[in-house]
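Participant: Could you have a look at this structure, given as structure tokens, before my questions?
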Amino acid sequence: MVHRGFAAAVAAAVIGVSAAGCGSGHQPAESKDGRATSTAASAYSGLSAVPERLGEDGTTITVGDPAAPVSVHLYEDPRCPVCKEFETTGGAPQLRAATVRRETRTEYTLASFLDDRLTGSGSRKAVNALRAALDKGKFAEYHDVLYAHQPAESVDGFTDAYLLRLAGRVPGLRGPDFDSAVKTMKYRSFVTRSQKAYEEAGGPQDPQGPGTPTAEIDGIRVPAEYNGVLFDGDVFSGLLAKIRADPDMWQDAG
């Protein structure tokens with residue numbers, strides 16, 4: 001069964017973390033024959049050096065090495081406080097580190113449904129600004145800044161002025177083109193298409209979308225009842241390491 005496969009994969013990750021001990025840091029993954037593999041020599045110098053691009057579907061933003069052995073696809077809304085929890089204190093810092101090491105590539109589908117639910121335009125404005133940052137090769141850095149300084153969910157705080165102020169924290173992002181794109185909602189059509197892609201990802205059972213944050217690892221969606229793994233950095237990192245070492249285990253979970 002699918003959920004049994006997930007349970008086995010997550011349990012393996014938890015056991016691995018327990019054996020390694022807290023704060024043990026990154027350990028090289030091992031292949032099936034037991035030989036250690038390492039991507040340290042080819043790691044990027046930092047998040048600012050990681051490549052990022054817009055997918056052929058016109059909505060998926062990918063950060064990281066296209067040849068990375070594991071992909072993690074995230075569905076997020078910039079106003080979602082649970083997304084902020086994942087991005088700041090959950091598994092996302094470990095995911096970013098793995099992306100810098102070329103062990104994973106991270107894909108994003110950006111939703112903006114909270115504007116309709118809570119009223120306002122902050123999600124749409126933030127998604128537009130993130131798309132503008134992609135043009136400057138600064139999506140990943142700006143994405144981190146937005147979540148680190150996310151206004152309260154009930155406050156429609158992602159205004160043009162606030163988005164531009166936060167952009168000033170990312171070296172090289174501010175400029176006439178970026179500022180104009182934020183103020184004029186240059187990527188309004190992208191925002192609409194991205195929200196549509198999010199809704200379609202929910203399928204017939206969730207026509208309004210799968211919820212945020214939702215993660216898919218190598219195309220396999222983490223079930224809602226196992227979503228807690230996203231908020232434990234060590235367990236999430238351990239799970240990704242297990243999948244790199246034994247992809248068949250994860251595919252069996254799907």
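So you can find residues: chains in the structure tokens are A, B, ... in the order shown, residues in each start at 1, and ligands are numbered from 1 in order.
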Name the residues in contact with A:Thr119 at a cut-off of 12 Å, using only C-alpha atoms, excluding same-chain residues fewer than 2 positions from it; report them as a list in words.

Facilitator: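 Counting only C-alpha atoms, the residues come to Arg79, Ser112, Phe113, Leu114, Asp115, Asp116, Arg117, Ser121, Gly122, Ser123, Arg124, Glu153, Ser154, Val155, Asp156 and Gly157 of chain A.
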
Participant: Looking only at the backbone, which of the residues in stretch 90-205 of chain A does DSSP tag as strand (DSSP E or B), as a list of chain:residue names?

Facilitator: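 So the strand (DSSP E or B) residues in stretch 90-205 of chain A would be A:Thr104, A:Arg105, A:Thr106, A:Glu107, A:Tyr108, A:Thr109, A:Leu110.
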
Participant: Go ahead and write the residues just picked, N, CA and C atoms, as an mmCIF file, in the first residue's frame.

Facilitator:
data_model
loop_
_atom_site.group_PDB
_atom_site.id
_atom_site.type_symbol
_atom_site.label_atom_id
_atom_site.label_comp_id
_atom_site.auth_asym_id
_atom_site.auth_seq_id
_atom_site.Cartn_x
_atom_site.Cartn_y
_atom_site.Cartn_z
ATOM 1 N N THR A 104 19.945 17.717 -4.470
ATOM 2 C CA THR A 104 18.540 17.852 -4.849
ATOM 3 C C THR A 104 18.384 19.069 -5.751
ATOM 4 N N ARG A 105 17.287 19.099 -6.455
ATOM 5 C CA ARG A 105 16.839 20.328 -7.101
ATOM 6 C C ARG A 105 15.456 20.611 -6.540
ATOM 7 N N THR A 106 15.144 21.871 -6.348
ATOM 8 C CA THR A 106 13.888 22.257 -5.717
ATOM 9 C C THR A 106 13.018 22.976 -6.732
ATOM 10 N N GLU A 107 11.777 22.544 -6.837
ATOM 11 C CA GLU A 107 10.827 23.133 -7.771
ATOM 12 C C GLU A 107 9.689 23.787 -6.984
ATOM 13 N N TYR A 108 9.179 24.890 -7.500
ATOM 14 C CA TYR A 108 8.136 25.644 -6.810
ATOM 15 C C TYR A 108 6.953 25.897 -7.725
ATOM 16 N N THR A 109 5.756 25.652 -7.205
ATOM 17 C CA THR A 109 4.518 26.153 -7.796
ATOM 18 C C THR A 109 3.936 27.126 -6.784
ATOM 19 N N LEU A 110 3.789 28.372 -7.198
ATOM 20 C CA LEU A 110 3.404 29.447 -6.281
ATOM 21 C C LEU A 110 1.912 29.750 -6.395
#

Participant: Measuring atom to atom with only C-alpha atoms, identify which of A:Thr59, A:Thr159, A:Thr212, A:Ser42 is nearest to A:Glu87.

Facilitator: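 With only C-alpha atoms as the atom set, the closest residue is A:Thr212.
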
Participant: Please provide as a list in words all residues within 7 Å of stretch 224-231 of chain A, with the sequence filter that same-chain residues fewer than 5 positions apart are discarded (counting only C-alpha atoms).

Facilitator: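 Non-adjacent residues within range: Phe86, Gly90, Gly91 and Phe236 of chain A.
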
Participant: Write a file of the selected residues as a PDB file, in the first residue's frame, keeping N, CA and C atoms.

Facilitator:
ATOM      1  N   PHE A  86       7.755  25.959   7.658  1.00  0.00           N
ATOM      2  CA  PHE A  86       8.580  25.016   6.900  1.00  0.00           C
ATOM      3  C   PHE A  86       9.861  25.680   6.409  1.00  0.00           C
ATOM      4  N   GLY A  90      11.623  24.572   9.677  1.00  0.00           N
ATOM      5  CA  GLY A  90      11.339  23.188   9.319  1.00  0.00           C
ATOM      6  C   GLY A  90      12.435  22.583   8.469  1.00  0.00           C
ATOM      7  N   GLY A  91      12.022  21.846   7.440  1.00  0.00           N
ATOM      8  CA  GLY A  91      12.981  21.130   6.623  1.00  0.00           C
ATOM      9  C   GLY A  91      13.627  21.925   5.516  1.00  0.00           C
ATOM     10  N   PHE A 236      13.697  15.157   7.706  1.00  0.00           N
ATOM     11  CA  PHE A 236      13.509  15.451   6.291  1.00  0.00           C
ATOM     12  C   PHE A 236      14.814  15.258   5.524  1.00  0.00           C
TER      13      PHE A 236
END

Participant: Set the distance at 12 Å and use only C-alpha atoms: which residues neighbour A:Gly202 once local chain neighbours fewer than 4 positions away are removed? I'd like the list as a list in words.

Facilitator: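 Everything that qualifies: Tyr75, Ala111, Gln195, Lys196, Ala197, Tyr198, Asp206, Pro207, Gln208, Gly209, Pro210, Gly211, Thr212, Thr214 and Arg221 of chain A.
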
Participant: Please extract the residues of stretch 17-186 of chain A with a backbone DSSP assignment of helix (DSSP H, G or I) and present them as number ranges by chain.

Facilitator: A: 17-20, 40-42, 47-49, 81-88, 92-100, 114-118, 122-135, 139-148, 160-167, 176-184

Participant: Select from stretch 61-105 of chain A every residue with an atom at most 9 Å from any atom of stretch 43-53 of chain A, then for each give the shortest pair of atoms and their distance in Å to one decimal, using only C-alpha atoms, rows by chain and rising number, as CSV.

Facilitator:
residue,atom,partner,partner_atom,distance
A:Ile61,CA,A:Arg53,CA,5.8
A:Thr62,CA,A:Arg53,CA,5.5
A:Val63,CA,A:Glu52,CA,4.3
A:Gly64,CA,A:Pro51,CA,5.4
A:Asp65,CA,A:Pro51,CA,6.8
A:Pro66,CA,A:Pro51,CA,8.8
A:Arg96,CA,A:Leu47,CA,7.6
A:Ala97,CA,A:Leu47,CA,8.3
A:Thr99,CA,A:Val50,CA,7.9
A:Val100,CA,A:Tyr44,CA,5.3
A:Arg101,CA,A:Ala43,CA,4.3
A:Arg102,CA,A:Ala43,CA,5.9
A:Glu103,CA,A:Ala43,CA,8.8

Participant: Once you have the residues from the selection above, write them out as a PDB file, in the first residue's frame, restricted to N, CA and C atoms.

Facilitator:
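Output below, filename again11.pdb:
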ATOM      1  N   ILE A  61       9.033  26.931 -11.190  1.00  0.00           N
ATOM      2  CA  ILE A  61      10.344  27.550 -11.019  1.00  0.00           C
ATOM      3  C   ILE A  61      11.266  26.525 -10.375  1.00  0.00           C
ATOM      4  N   THR A  62      12.381  26.236 -11.034  1.00  0.00           N
ATOM      5  CA  THR A  62      13.314  25.221 -10.560  1.00  0.00           C
ATOM      6  C   THR A  62      14.611  25.869 -10.116  1.00  0.00           C
ATOM      7  N   VAL A  63      15.070  25.474  -8.937  1.00  0.00           N
ATOM      8  CA  VAL A  63      16.322  25.964  -8.367  1.00  0.00           C
ATOM      9  C   VAL A  63      17.236  24.769  -8.165  1.00  0.00           C
ATOM     10  N   GLY A  64      18.434  24.823  -8.734  1.00  0.00           N
ATOM     11  CA  GLY A  64      19.389  23.747  -8.522  1.00  0.00           C
ATOM     12  C   GLY A  64      19.856  23.091  -9.800  1.00  0.00           C
ATOM     13  N   ASP A  65      20.740  22.126  -9.627  1.00  0.00           N
ATOM     14  CA  ASP A  65      21.326  21.386 -10.734  1.00  0.00           C
ATOM     15  C   ASP A  65      20.260  20.529 -11.410  1.00  0.00           C
ATOM     16  N   PRO A  66      20.030  20.695 -12.729  1.00  0.00           N
ATOM     17  CA  PRO A  66      19.025  19.870 -13.406  1.00  0.00           C
ATOM     18  C   PRO A  66      19.321  18.379 -13.311  1.00  0.00           C
ATOM     19  N   ARG A  96      17.658  23.478   1.290  1.00  0.00           N
ATOM     20  CA  ARG A  96      18.513  24.446   0.607  1.00  0.00           C
ATOM     21  C   ARG A  96      19.966  23.984   0.605  1.00  0.00           C
ATOM     22  N   ALA A  97      20.416  23.469   1.748  1.00  0.00           N
ATOM     23  CA  ALA A  97      21.796  22.993   1.830  1.00  0.00           C
ATOM     24  C   ALA A  97      22.033  21.845   0.852  1.00  0.00           C
ATOM     25  N   THR A  99      20.423  21.375  -1.894  1.00  0.00           N
ATOM     26  CA  THR A  99      20.382  21.947  -3.238  1.00  0.00           C
ATOM     27  C   THR A  99      21.719  22.583  -3.582  1.00  0.00           C
ATOM     28  N   VAL A 100      22.317  23.278  -2.636  1.00  0.00           N
ATOM     29  CA  VAL A 100      23.640  23.863  -2.855  1.00  0.00           C
ATOM     30  C   VAL A 100      24.678  22.766  -3.105  1.00  0.00           C
ATOM     31  N   ARG A 101      24.515  21.626  -2.438  1.00  0.00           N
ATOM     32  CA  ARG A 101      25.445  20.508  -2.619  1.00  0.00           C
ATOM     33  C   ARG A 101      25.155  19.704  -3.885  1.00  0.00           C
ATOM     34  N   ARG A 102      24.139  20.101  -4.657  1.00  0.00           N
ATOM     35  CA  ARG A 102      23.731  19.421  -5.885  1.00  0.00           C
ATOM     36  C   ARG A 102      23.132  18.044  -5.626  1.00  0.00           C
ATOM     37  N   GLU A 103      22.671  17.804  -4.428  1.00  0.00           N
ATOM     38  CA  GLU A 103      22.033  16.540  -4.096  1.00  0.00           C
ATOM     39  C   GLU A 103      20.551  16.547  -4.448  1.00  0.00           C
TER      40      GLU A 103
END

Participant: List the neighbours of A:Asp144 out to 12 Å using only C-alpha atoms; skip same-chain residues closer than 5 positions along the sequence, and give me the result as a list in words.

Facilitator: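 Once the adjacent positions are removed, what remains is Leu47, Ser48, Pro78, Cys83, Lys84, Glu85, Phe86, Glu87, Thr88, Thr89, Ala92, Pro93, Arg96, Leu130, Ala133, Lys138, Phe139, His149, Gln150, Leu166, Ala167, Arg169 and Val170 of chain A.
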
Participant: Which of these residues is nearest to A:Gly168, using only C-alpha atoms: A:Ala181, A:Ser237, A:Gly219, A:Val145?

Facilitator: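 The shortest atom-to-atom distance to A:Gly168 comes from A:Val145.
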